[in-house]
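Asks: My structure file model_22.cif, mmCIF, C-alpha atoms and all ligand atoms, is below:
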data_structure
#
loop_
_atom_site.label_atom_id
_atom_site.label_comp_id
_atom_site.auth_asym_id
_atom_site.auth_seq_id
_atom_site.Cartn_x
_atom_site.Cartn_y
_atom_site.Cartn_z
CA MET A 1 26.74 -10.14 -7.64
CA PRO A 2 24.92 -11.75 -4.69
CA GLU A 3 21.50 -10.22 -4.07
CA THR A 4 21.98 -9.77 -0.35
CA ALA A 5 23.58 -7.13 1.78
CA ARG A 6 21.33 -8.03 4.66
CA PRO A 7 22.42 -7.39 8.21
CA ALA A 8 21.95 -10.21 10.74
CA GLY A 9 18.41 -10.53 12.11
CA LYS A 10 15.01 -11.31 10.70
CA PRO A 11 14.30 -10.40 7.08
CA VAL A 12 12.72 -6.98 6.71
CA ILE A 13 9.21 -6.34 5.39
CA TYR A 14 8.34 -2.82 4.26
CA SER A 15 5.16 -1.30 2.93
CA GLY A 16 3.53 2.09 2.59
CA ILE A 17 0.09 3.54 1.96
CA GLN A 18 -0.78 7.04 0.86
CA PRO A 19 -2.87 9.15 3.24
CA SER A 20 -5.22 10.30 0.51
CA GLY A 21 -8.87 9.38 0.11
CA THR A 22 -10.61 6.81 2.27
CA LEU A 23 -9.03 3.38 2.48
CA THR A 24 -11.12 0.77 0.70
CA ILE A 25 -11.81 -2.89 1.26
CA GLY A 26 -9.39 -3.35 -1.69
CA ASN A 27 -6.60 -1.72 0.34
CA TYR A 28 -7.53 -3.92 3.26
CA ILE A 29 -7.50 -7.16 1.28
CA GLY A 30 -4.51 -6.32 -0.93
CA SER A 31 -2.33 -4.86 1.81
CA LEU A 32 -3.42 -3.99 5.38
CA SER A 33 -4.95 -7.35 6.29
CA ARG A 34 -1.71 -9.12 5.43
CA PHE A 35 0.55 -6.94 7.55
CA LYS A 36 -0.58 -8.39 10.85
CA GLN A 37 0.24 -11.92 9.71
CA LEU A 38 3.80 -10.89 8.83
CA GLU A 39 4.61 -9.31 12.18
CA ALA A 40 5.63 -12.55 13.89
CA ASP A 41 8.23 -13.69 11.39
CA PHE A 42 9.72 -10.47 10.07
CA ASP A 43 11.02 -7.10 11.15
CA CYS A 44 8.23 -4.91 9.80
CA LEU A 45 8.12 -1.25 8.89
CA PHE A 46 4.86 0.33 7.75
CA CYS A 47 4.76 3.88 6.57
CA VAL A 48 2.23 6.66 6.04
CA VAL A 49 3.68 8.02 2.80
CA ASP A 50 2.64 11.64 3.14
CA MET A 51 5.33 12.89 0.74
CA HIS A 52 3.92 10.67 -1.99
CA ALA A 53 0.46 12.08 -1.33
CA ILE A 54 1.52 15.62 -2.28
CA THR A 55 2.32 14.57 -5.85
CA VAL A 56 -1.30 15.55 -6.39
CA ARG A 57 -2.76 18.71 -4.81
CA GLN A 58 -3.96 18.21 -1.25
CA ASP A 59 -5.82 20.46 1.11
CA PRO A 60 -3.35 20.89 4.04
CA ALA A 61 -5.86 20.53 6.88
CA GLN A 62 -7.48 17.57 5.20
CA LEU A 63 -4.12 15.91 4.59
CA ARG A 64 -3.17 16.25 8.26
CA GLY A 65 -6.47 14.59 9.17
CA LYS A 66 -5.90 11.78 6.68
CA ILE A 67 -2.43 11.10 8.08
CA ASN A 68 -3.88 10.50 11.55
CA GLU A 69 -6.74 8.51 10.08
CA LEU A 70 -4.38 6.19 8.23
CA ALA A 71 -2.00 5.80 11.19
CA ALA A 72 -5.01 4.87 13.34
CA LEU A 73 -6.11 2.33 10.73
CA TYR A 74 -2.71 0.64 10.75
CA LEU A 75 -3.06 0.32 14.50
CA ALA A 76 -6.72 -0.68 14.33
CA VAL A 77 -5.93 -3.82 12.31
CA GLY A 78 -3.88 -4.91 15.31
CA LEU A 79 -0.28 -4.06 14.46
CA ASP A 80 1.87 -3.96 17.57
CA PRO A 81 3.76 -0.65 17.68
CA GLY A 82 6.09 -2.05 20.35
CA ASN A 83 7.41 -4.40 17.74
CA THR A 84 6.56 -3.13 14.27
CA ILE A 85 7.84 0.29 13.23
CA LEU A 86 4.96 2.53 12.24
CA TYR A 87 5.81 6.06 11.14
CA CYS A 88 5.29 8.98 8.76
CA GLN A 89 7.56 9.24 5.76
CA SER A 90 8.18 12.99 6.12
CA HIS A 91 9.43 12.48 9.71
CA VAL A 92 12.49 10.68 8.35
CA PRO A 93 14.34 13.09 6.04
CA ALA A 94 16.61 10.29 4.81
CA HIS A 95 13.78 9.28 2.42
CA ALA A 96 14.10 12.55 0.50
CA GLU A 97 17.88 12.42 0.74
CA LEU A 98 18.19 8.94 -0.71
CA ALA A 99 15.52 9.68 -3.31
CA TRP A 100 17.73 12.47 -4.68
CA VAL A 101 20.74 10.20 -4.93
CA LEU A 102 18.67 7.49 -6.61
CA ASP A 103 17.21 10.05 -9.04
CA CYS A 104 20.73 10.28 -10.37
CA PHE A 105 20.71 6.53 -11.04
CA THR A 106 17.31 6.35 -12.74
CA TYR A 107 16.67 6.98 -16.40
CA MET A 108 13.95 9.21 -17.81
CA GLY A 109 12.93 6.38 -20.15
CA GLU A 110 12.31 4.02 -17.23
CA LEU A 111 10.04 6.52 -15.51
CA GLN A 112 8.20 7.35 -18.71
CA ARG A 113 7.08 3.73 -18.95
CA MET A 114 5.30 3.71 -15.56
CA THR A 115 1.58 3.11 -16.03
CA GLN A 116 0.65 4.90 -12.81
CA PHE A 117 2.42 8.03 -14.08
CA LYS A 118 0.57 7.79 -17.38
CA ASP A 119 -2.76 7.31 -15.59
CA LYS A 120 -2.22 10.08 -13.08
CA SER A 121 -0.95 12.57 -15.64
CA ALA A 122 -4.06 11.90 -17.71
CA ARG A 123 -6.24 12.53 -14.65
CA HIS A 124 -4.35 15.64 -13.45
CA GLU A 125 -3.48 17.30 -16.75
CA ASP A 126 -3.13 20.70 -15.11
CA ASN A 127 -0.49 19.46 -12.65
CA ILE A 128 1.95 17.03 -14.24
CA ASN A 129 4.73 17.88 -11.80
CA ALA A 130 8.25 16.46 -11.50
CA GLY A 131 7.32 14.75 -8.20
CA LEU A 132 4.62 12.75 -9.94
CA PHE A 133 7.25 11.69 -12.47
CA THR A 134 9.88 10.68 -9.90
CA TYR A 135 7.33 9.13 -7.51
CA PRO A 136 8.73 5.60 -8.10
CA VAL A 137 12.23 6.76 -7.11
CA LEU A 138 10.98 8.04 -3.74
CA MET A 139 9.23 4.70 -3.33
CA ALA A 140 12.49 2.89 -4.15
CA ALA A 141 14.23 5.04 -1.51
CA ASP A 142 11.55 4.10 1.07
CA ILE A 143 12.21 0.45 0.47
CA LEU A 144 15.98 0.42 0.00
CA LEU A 145 16.77 2.53 3.09
CA TYR A 146 15.74 -0.36 5.33
CA GLN A 147 17.47 -3.25 3.52
CA THR A 148 14.02 -4.65 2.80
CA SER A 149 13.63 -8.26 1.65
CA ALA A 150 9.96 -8.24 0.70
CA VAL A 151 7.28 -5.68 -0.01
CA PRO A 152 3.63 -6.71 0.46
CA VAL A 153 1.54 -4.72 -2.03
CA GLY A 154 -1.38 -5.13 -4.41
CA ALA A 155 -0.83 -5.97 -8.08
CA ASP A 156 -0.91 -2.30 -9.14
CA GLN A 157 2.48 -1.73 -7.47
CA LYS A 158 4.34 -4.50 -9.29
CA GLN A 159 5.86 -2.16 -11.84
CA HIS A 160 7.10 0.18 -9.11
CA LEU A 161 8.70 -2.76 -7.33
CA GLU A 162 10.47 -3.75 -10.52
CA ILE A 163 12.00 -0.33 -10.95
CA ALA A 164 13.09 -0.35 -7.27
CA ARG A 165 14.86 -3.65 -7.93
CA ASP A 166 16.46 -2.34 -11.12
CA ILE A 167 17.76 0.74 -9.31
CA ALA A 168 19.14 -1.38 -6.45
CA ILE A 169 20.87 -3.79 -8.81
CA ARG A 170 22.32 -0.94 -10.87
CA PHE A 171 23.65 0.79 -7.77
CA ASN A 172 25.08 -2.45 -6.35
CA ASN A 173 26.80 -3.19 -9.64
CA ILE A 174 28.67 0.09 -9.44
CA TYR A 175 29.38 0.34 -5.71
CA GLY A 176 29.28 -3.20 -4.33
CA ASN A 177 26.66 -4.63 -2.06
CA VAL A 178 24.89 -1.56 -0.70
CA PHE A 179 21.22 -2.54 -0.96
CA VAL A 180 19.24 -5.71 -0.44
CA VAL A 181 17.29 -6.29 -3.66
CA PRO A 182 13.62 -6.44 -2.58
CA GLU A 183 11.07 -8.98 -3.76
CA PRO A 184 7.43 -8.08 -4.39
CA TYR A 185 5.01 -10.02 -2.18
CA ILE A 186 1.71 -9.96 -4.01
CA PRO A 187 -1.21 -12.16 -2.90
CA LYS A 188 -2.34 -14.94 -5.27
CA ILE A 189 -5.97 -13.93 -4.86
CA GLY A 190 -7.20 -10.51 -3.85
CA ALA A 191 -4.27 -8.59 -5.33
CA LYS A 192 -6.74 -6.60 -7.39
CA ILE A 193 -10.18 -6.05 -5.95
CA LEU A 194 -12.34 -4.45 -8.64
CA SER A 195 -14.58 -1.40 -8.70
CA LEU A 196 -18.18 -2.17 -7.75
CA GLN A 197 -19.46 -0.04 -10.61
CA ASP A 198 -16.93 -0.90 -13.32
CA PRO A 199 -15.37 -4.32 -12.80
CA SER A 200 -12.88 -3.68 -15.59
CA ARG A 201 -11.07 -1.28 -13.22
CA LYS A 202 -9.45 -1.76 -9.83
CA MET A 203 -11.30 -0.48 -6.78
CA SER A 204 -9.64 2.83 -5.99
CA LYS A 205 -9.96 5.28 -3.15
CA SER A 206 -9.70 8.19 -5.56
CA ASP A 207 -12.79 7.10 -7.55
CA PRO A 208 -16.42 8.09 -6.79
CA GLU A 209 -17.99 6.86 -3.53
CA ASP A 210 -20.32 4.23 -4.95
CA THR A 211 -17.46 2.34 -6.63
CA PHE A 212 -15.84 1.17 -3.37
CA ILE A 213 -16.53 -0.11 0.12
CA GLY A 214 -14.70 2.24 2.48
CA MET A 215 -13.01 0.73 5.53
CA LEU A 216 -14.87 3.28 7.62
CA ASP A 217 -18.26 2.92 5.91
CA PRO A 218 -21.17 2.24 8.29
CA PRO A 219 -23.07 -1.06 7.82
CA GLU A 220 -26.05 0.46 6.01
CA VAL A 221 -23.77 2.17 3.48
CA ILE A 222 -21.89 -1.09 2.88
CA ARG A 223 -25.16 -2.94 2.28
CA ARG A 224 -26.46 -0.28 -0.08
CA LYS A 225 -23.25 -0.15 -2.14
CA MET A 226 -23.06 -3.94 -2.42
CA LYS A 227 -26.69 -4.20 -3.47
CA ARG A 228 -25.95 -1.81 -6.35
CA ALA A 229 -22.75 -3.56 -7.41
CA VAL A 230 -22.60 -4.18 -11.16
CA THR A 231 -22.72 -7.88 -12.09
CA ASP A 232 -23.93 -9.25 -15.43
CA SER A 233 -27.15 -10.26 -17.14
CA GLY A 234 -26.75 -13.95 -16.21
CA ALA A 235 -27.90 -15.61 -13.01
CA GLU A 236 -25.27 -18.22 -12.18
CA VAL A 237 -22.84 -17.58 -9.32
CA ARG A 238 -19.65 -18.87 -10.90
CA PHE A 239 -16.00 -17.83 -10.53
CA ASP A 240 -14.90 -16.71 -13.96
CA PRO A 241 -12.81 -13.53 -13.73
CA ASP A 242 -12.76 -12.96 -17.51
CA GLY A 243 -16.35 -13.82 -18.36
CA LYS A 244 -18.00 -12.68 -15.09
CA PRO A 245 -15.69 -10.07 -13.52
CA GLY A 246 -18.32 -8.46 -11.27
CA VAL A 247 -19.58 -11.72 -9.78
CA SER A 248 -16.04 -13.09 -9.47
CA ASN A 249 -15.00 -9.96 -7.60
CA LEU A 250 -17.79 -10.51 -5.05
CA ILE A 251 -16.83 -14.18 -4.69
CA THR A 252 -13.18 -13.19 -4.16
CA MET A 253 -14.08 -10.69 -1.43
CA LEU A 254 -16.39 -13.12 0.32
CA SER A 255 -13.84 -15.91 0.11
CA ILE A 256 -10.97 -13.85 1.53
CA LEU A 257 -12.99 -12.15 4.24
CA THR A 258 -14.47 -15.40 5.51
CA GLY A 259 -11.28 -17.44 5.05
CA ARG A 260 -12.92 -19.97 2.74
CA THR A 261 -11.88 -21.31 -0.65
CA ILE A 262 -13.38 -19.94 -3.85
CA ALA A 263 -14.86 -23.37 -4.62
CA SER A 264 -16.60 -23.63 -1.29
CA VAL A 265 -18.11 -20.15 -1.68
CA GLU A 266 -19.27 -20.99 -5.21
CA GLY A 267 -20.83 -24.19 -3.92
CA ASP A 268 -23.04 -22.28 -1.48
CA TYR A 269 -24.85 -20.43 -4.23
CA VAL A 270 -25.93 -23.25 -6.48
CA GLY A 271 -29.53 -22.41 -7.34
CA LYS A 272 -29.32 -19.04 -5.60
CA GLY A 273 -29.10 -15.67 -7.32
CA TYR A 274 -26.78 -12.68 -7.22
CA GLY A 275 -28.91 -11.04 -4.52
CA ALA A 276 -27.90 -13.66 -1.95
CA LEU A 277 -24.24 -13.37 -2.92
CA LYS A 278 -24.32 -9.58 -2.60
CA ALA A 279 -26.06 -9.75 0.78
CA ASP A 280 -23.49 -12.21 2.14
CA ALA A 281 -20.55 -10.25 0.70
CA ALA A 282 -21.95 -7.15 2.41
CA GLU A 283 -22.26 -8.97 5.76
CA ALA A 284 -18.70 -10.28 5.44
CA CYS A 285 -17.48 -6.69 5.00
CA VAL A 286 -19.60 -5.44 7.90
CA GLU A 287 -18.35 -8.18 10.23
CA THR A 288 -14.72 -7.74 9.25
CA LEU A 289 -14.79 -3.98 9.52
CA ALA A 290 -16.85 -3.50 12.71
CA PRO A 291 -14.05 -4.35 15.20
CA ILE A 292 -11.51 -2.42 13.12
CA GLN A 293 -13.78 0.63 13.10
CA ALA A 294 -14.20 0.42 16.88
CA GLU A 295 -10.42 0.27 17.41
CA HIS A 296 -9.98 3.07 14.93
CA ARG A 297 -12.31 5.33 16.92
CA ARG A 298 -10.42 4.46 20.07
CA TRP A 299 -7.07 5.45 18.56
CA LEU A 300 -8.41 8.69 17.09
CA ALA A 301 -9.78 9.62 20.49
CA ASP A 302 -6.23 9.54 21.86
CA LEU A 303 -4.13 11.59 19.47
CA THR A 304 -1.43 12.09 22.09
CA GLU A 305 -0.78 8.37 22.18
CA LEU A 306 -1.09 8.09 18.40
CA ASN A 307 1.52 10.81 17.94
CA ARG A 308 3.78 9.17 20.52
CA VAL A 309 3.65 5.93 18.52
CA LEU A 310 4.50 7.78 15.29
CA LYS A 311 7.37 9.67 16.92
CA ASP A 312 8.82 6.50 18.41
CA GLY A 313 8.48 4.80 15.00
CA ALA A 314 10.24 7.71 13.28
CA ASP A 315 13.10 7.60 15.81
CA ARG A 316 13.65 3.90 15.27
CA ALA A 317 13.29 4.19 11.47
CA SER A 318 15.76 7.11 11.42
CA ARG A 319 18.44 5.05 13.14
CA ILE A 320 18.18 2.28 10.54
CA ALA A 321 17.96 4.75 7.67
CA ALA A 322 21.06 6.60 8.88
CA ARG A 323 23.15 3.44 8.53
CA THR A 324 22.17 2.98 4.89
CA MET A 325 22.52 6.69 4.15
CA GLY A 326 26.01 6.77 5.68
CA LYS A 327 27.06 3.94 3.43
CA VAL A 328 25.53 5.59 0.36
CA ARG A 329 27.31 8.89 1.12
CA ARG A 330 30.66 7.14 1.43
CA LYS A 331 30.22 5.02 -1.67
CA VAL A 332 29.08 7.86 -3.90
CA GLY A 333 31.73 10.26 -2.60
CA LEU A 334 29.52 12.96 -1.11
CA ALA A 335 31.25 15.29 1.35
CA PRO A 336 31.74 13.46 4.66
CA LEU A 337 29.54 14.73 7.49
CA ASN A 338 32.36 15.23 10.01
P1 LIG A 401 -2.80 3.07 -2.34
O1 LIG A 401 -4.25 3.14 -2.09
O2 LIG A 401 -2.50 3.29 -3.80
O3 LIG A 401 -1.94 3.88 -1.41
O4 LIG A 401 -2.43 1.56 -2.08
C1 LIG A 401 -2.09 1.01 -0.84
C2 LIG A 401 -1.93 -0.47 -0.96
O5 LIG A 401 -3.19 -1.10 -1.26
C3 LIG A 401 -0.99 -0.89 -2.09
O6 LIG A 401 -0.27 -2.03 -1.67
C4 LIG A 401 -1.91 -1.26 -3.21
O7 LIG A 401 -1.34 -2.18 -4.10
C5 LIG A 401 -3.08 -1.88 -2.44
N1 LIG A 401 -4.34 -1.76 -3.19
C6 LIG A 401 -4.91 -0.59 -3.61
N2 LIG A 401 -6.06 -0.83 -4.27
C7 LIG A 401 -6.22 -2.18 -4.29
C8 LIG A 401 -7.21 -3.04 -4.83
N3 LIG A 401 -8.27 -2.57 -5.49
N4 LIG A 401 -7.06 -4.39 -4.65
C9 LIG A 401 -5.99 -4.87 -3.99
N5 LIG A 401 -5.02 -4.11 -3.46
C10 LIG A 401 -5.12 -2.78 -3.59
N1 LIG A 402 3.11 3.68 -4.18
C1 LIG A 402 2.39 2.92 -3.21
C2 LIG A 402 0.88 2.97 -3.53
O1 LIG A 402 0.41 3.90 -4.10
C3 LIG A 402 2.61 3.43 -1.81
C4 LIG A 402 4.03 3.30 -1.38
C5 LIG A 402 4.95 4.32 -1.23
C6 LIG A 402 4.70 2.10 -1.05
N2 LIG A 402 6.13 3.83 -0.80
C7 LIG A 402 6.02 2.47 -0.69
C8 LIG A 402 4.32 0.76 -1.02
C9 LIG A 402 6.97 1.52 -0.30
C10 LIG A 402 5.28 -0.19 -0.65
C11 LIG A 402 6.58 0.19 -0.29
O2 LIG A 402 0.20 2.07 -3.18
#
Could you render the structure as structure tokens?
Replies:
Amino acid sequence: MPETARPAGKPVIYSGIQPSGTLTIGNYIGSLSRFKQLEADFDCLFCVVDMHAITVRQDPAQLRGKINELAALYLAVGLDPGNTILYCQSHVPAHAELAWVLDCFTYMGELQRMTQFKDKSARHEDNINAGLFTYPVLMAADILLYQTSAVPVGADQKQHLEIARDIAIRFNNIYGNVFVVPEPYIPKIGAKILSLQDPSRKMSKSDPEDTFIGMLDPPEVIRRKMKRAVTDSGAEVRFDPDGKPGVSNLITMLSILTGRTIASVEGDYVGKGYGALKADAAEACVETLAPIQAEHRRWLADLTELNRVLKDGADRASRIAARTMGKVRRKVGLAPLN
């Protein structure tokens, strides 16, 4: 079975971020910062996945605020809404519709293996709901609705991408070429920025404040958090992710944010201590984030325009989604709409 059912045009890139917590420098490096570079060569869709966010309890007013905040951040990194489709997941009901169909082509055993489900059910023992369990199927629906070729994500999403591919292949094997089978697009370095306080874990927006640099953190907060970052008892600035995870994490951030190689960053600190590395990593974050924060404020000050962008994005996304959904309905044998 060929792996393409792609309509004519540029290949499609799709990604989503949950509007929960404050986006971190890890989100920026692993996902947001790469989106802008993809805009020129691909048809891009970027989504505020609000339906995924409610798999854990959310305060409604806070969630609404976070949705705007995230949409404004997408725009603040420079995405062009005249070109790229930027929208909210819940504005396009086809996501829920396709997710249901795909639920019927996904096995319990596959979902039980998902590490994010295991992690999240351990952290939210009082609310292990069915949505948390079928989360990867909704994510597969997000991706497959748009005949997506590649999905730029951090390393933590690899397993979810694999299940999306398995579902697409399974469906195509039964019904013919309905879905493009998507490829993960995970960066070689920076796919997993680590927690500042526990470099054995990824930096996560749902962890305590001092473990991450927030994309909206003011300069003094960034400097303070970096200064307190956990390193090791040595003194040599050397890139060794296994032996020196904390230091290597700082080198990775500095290297990516300043566009230099790891070796060149390492070379700068011969004979210097961790303090200098931390100070420079902090400045790199401050300098990268300052213009984004300014743009972010500008977008949040004009919610009418922000909402217009999201509505336009949802309209365009809906038209594409409807084509895939129509095909799925026909293939599966659901009652025709007219
Ligand atoms: P989430 O915060 O889980 O909605 O993730 C949004 C995007 O950021 C996904 O593509 C993640 O893989 C990516 N991401 C999240 N945390 C990190 C991290 N610590 N390092 C690199 N990428 C990350
Ligand atoms: N599950 C992803 C995360 O937590 C977010 C997401 C939802 C996503 N739908 C997606 C990412 C589709 C890429 C494509 O990071």
Asks: Counting only C-alpha atoms, what is within 6 Å of range 288-301 of chain A, bar same-chain residues fewer than 4 positions away, as a count of residues only?
Replies: 4
Asks: Tell me, counting only C-alpha atoms and all ligand atoms, for each residue of chain A within 7 Å of ligand LIG 402 (chain A), which pair of atoms is nearest and how far apart they are in Å to one decimal, in rows ordered by chain and increasing number, as JSON lines.
Replies:
{"residue": "A:Tyr14", "atom": "CA", "partner": "A:LIG402", "partner_atom": "C11", "distance": 5.7}
{"residue": "A:Ser15", "atom": "CA", "partner": "A:LIG402", "partner_atom": "C10", "distance": 3.8}
{"residue": "A:Gly16", "atom": "CA", "partner": "A:LIG402", "partner_atom": "C6", "distance": 3.8}
{"residue": "A:Ile17", "atom": "CA", "partner": "A:LIG402", "partner_atom": "C3", "distance": 4.5}
{"residue": "A:Gln18", "atom": "CA", "partner": "A:LIG402", "partner_atom": "C3", "distance": 5.6}
{"residue": "A:Val49", "atom": "CA", "partner": "A:LIG402", "partner_atom": "C5", "distance": 5.6}
{"residue": "A:His52", "atom": "CA", "partner": "A:LIG402", "partner_atom": "C5", "distance": 6.5}
{"residue": "A:Met139", "atom": "CA", "partner": "A:LIG402", "partner_atom": "N2", "distance": 4.1}
{"residue": "A:Ala140", "atom": "CA", "partner": "A:LIG402", "partner_atom": "C9", "distance": 6.9}
{"residue": "A:Asp142", "atom": "CA", "partner": "A:LIG402", "partner_atom": "C9", "distance": 5.4}
{"residue": "A:Ile143", "atom": "CA", "partner": "A:LIG402", "partner_atom": "C9", "distance": 5.4}
{"residue": "A:Val151", "atom": "CA", "partner": "A:LIG402", "partner_atom": "C10", "distance": 5.9}
{"residue": "A:Pro152", "atom": "CA", "partner": "A:LIG402", "partner_atom": "C10", "distance": 6.8}
{"residue": "A:Val153", "atom": "CA", "partner": "A:LIG402", "partner_atom": "C10", "distance": 6.0}
{"residue": "A:Gln157", "atom": "CA", "partner": "A:LIG402", "partner_atom": "O2", "distance": 6.2}
Asks: Write out as a ChimeraX atom specification each polymer residue (protein, DNA or RNA) that has an atom no more than 7 Å from ligand LIG 401 (chain A), with all atoms listed in the file counted.
Replies: /A:16-18,23,26-31,152-157,190-194,202-205
Asks: For Phe133 in chain A, list every protein, DNA or RNA residue within 9 Å, evaluated using all atoms listed in the file, and leave out those in the same chain fewer than 3 positions away; present the list as a count of residues only.
Replies: 12
Asks: Nearest residue to Phe239 in chain A out of A:Ile85, A:Ala263, A:Ile67, A:Ala164, using all atoms listed in the file?
Replies: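 Looking at the shortest contact to Phe239 in chain A, the residue is A:Ala263.
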Asks: In terms of the shortest atom-to-atom distance over all atoms listed in the file, which of A:Thr24, A:Leu70, A:Ala150, A:Pro199 is closest to Phe42 in chain A?
Replies: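 Closest to Phe42 in chain A of all the choices is A:Ala150.
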Asks: Skipping near chain neighbours, those fewer than 5 positions away, what residues fall within 9 Å of Lys225 in chain A using all atoms listed in the file, listed as a count of residues only?
Replies: 8
Asks: Using only C-alpha atoms, which residue out of A:Ile320, A:Lys227, A:Asp302, A:Asp242 lies closest to Tyr274 in chain A?
Replies: A:Lys227
Asks: For a test of reading the model, state the distance in Å between CA of Leu98 in chain A and CA of Gln159 in chain A, rounded to one decimal.
Replies: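 Taking CA of Leu98 in chain A as the start and CA of Gln159 in chain A as the end point, the length is 20.0 Å.
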Asks: Just checking: using all atoms listed in the file, which residue out of A:Val247, A:Val328, A:Ile54, A:Leu79 ends up closest to Leu132 in chain A?
Replies: A:Ile54
Asks: Between A:Leu145, A:Leu32, A:Leu306, A:Ala281, which is the closest to Arg323 in chain A once you count only C-alpha atoms?
Replies: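 With only C-alpha atoms as the atom set, the closest residue is A:Leu145.
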Asks: May I have the centre and edge lengths, in Å to one decimal, of an axis-aligned box around the listed atoms of range 227-240 of chain A with 5 Å added to every side, as JSON?
Replies:
{"center_x": -21.4, "center_y": -10.3, "center_z": -10.3, "size_x": 23.0, "size_y": 27.1, "size_z": 23.7}
Asks: Between CA of Asn249 in chain A and CA of Glu183 in chain A, what is the distance in Å, rounded to a tenth?
Replies: 26.4 Å
Asks: Would you pick out the contacts of Ile174 in chain A at 10 Å or less, using all atoms listed in the file, so that residues sharing its chain but fewer than 4 positions from it are not included, and give the list as an NGL selection string?
Replies: :A and (169-170 or 178 or 331-332)
Asks: Please, what distance in Å, to one decimal, runs between CA of Val265 in chain A and CA of Ile251 in chain A?
Replies: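 Interatomic distance here is 6.8 Å.
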Asks: Just checking: using all atoms listed in the file, which residue out of A:Ala96, A:Val286, A:Leu216, A:Cys47 ends up closest to Thr22 in chain A?
Replies: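 Answer, going by the shortest atom-to-atom distance: A:Leu216.
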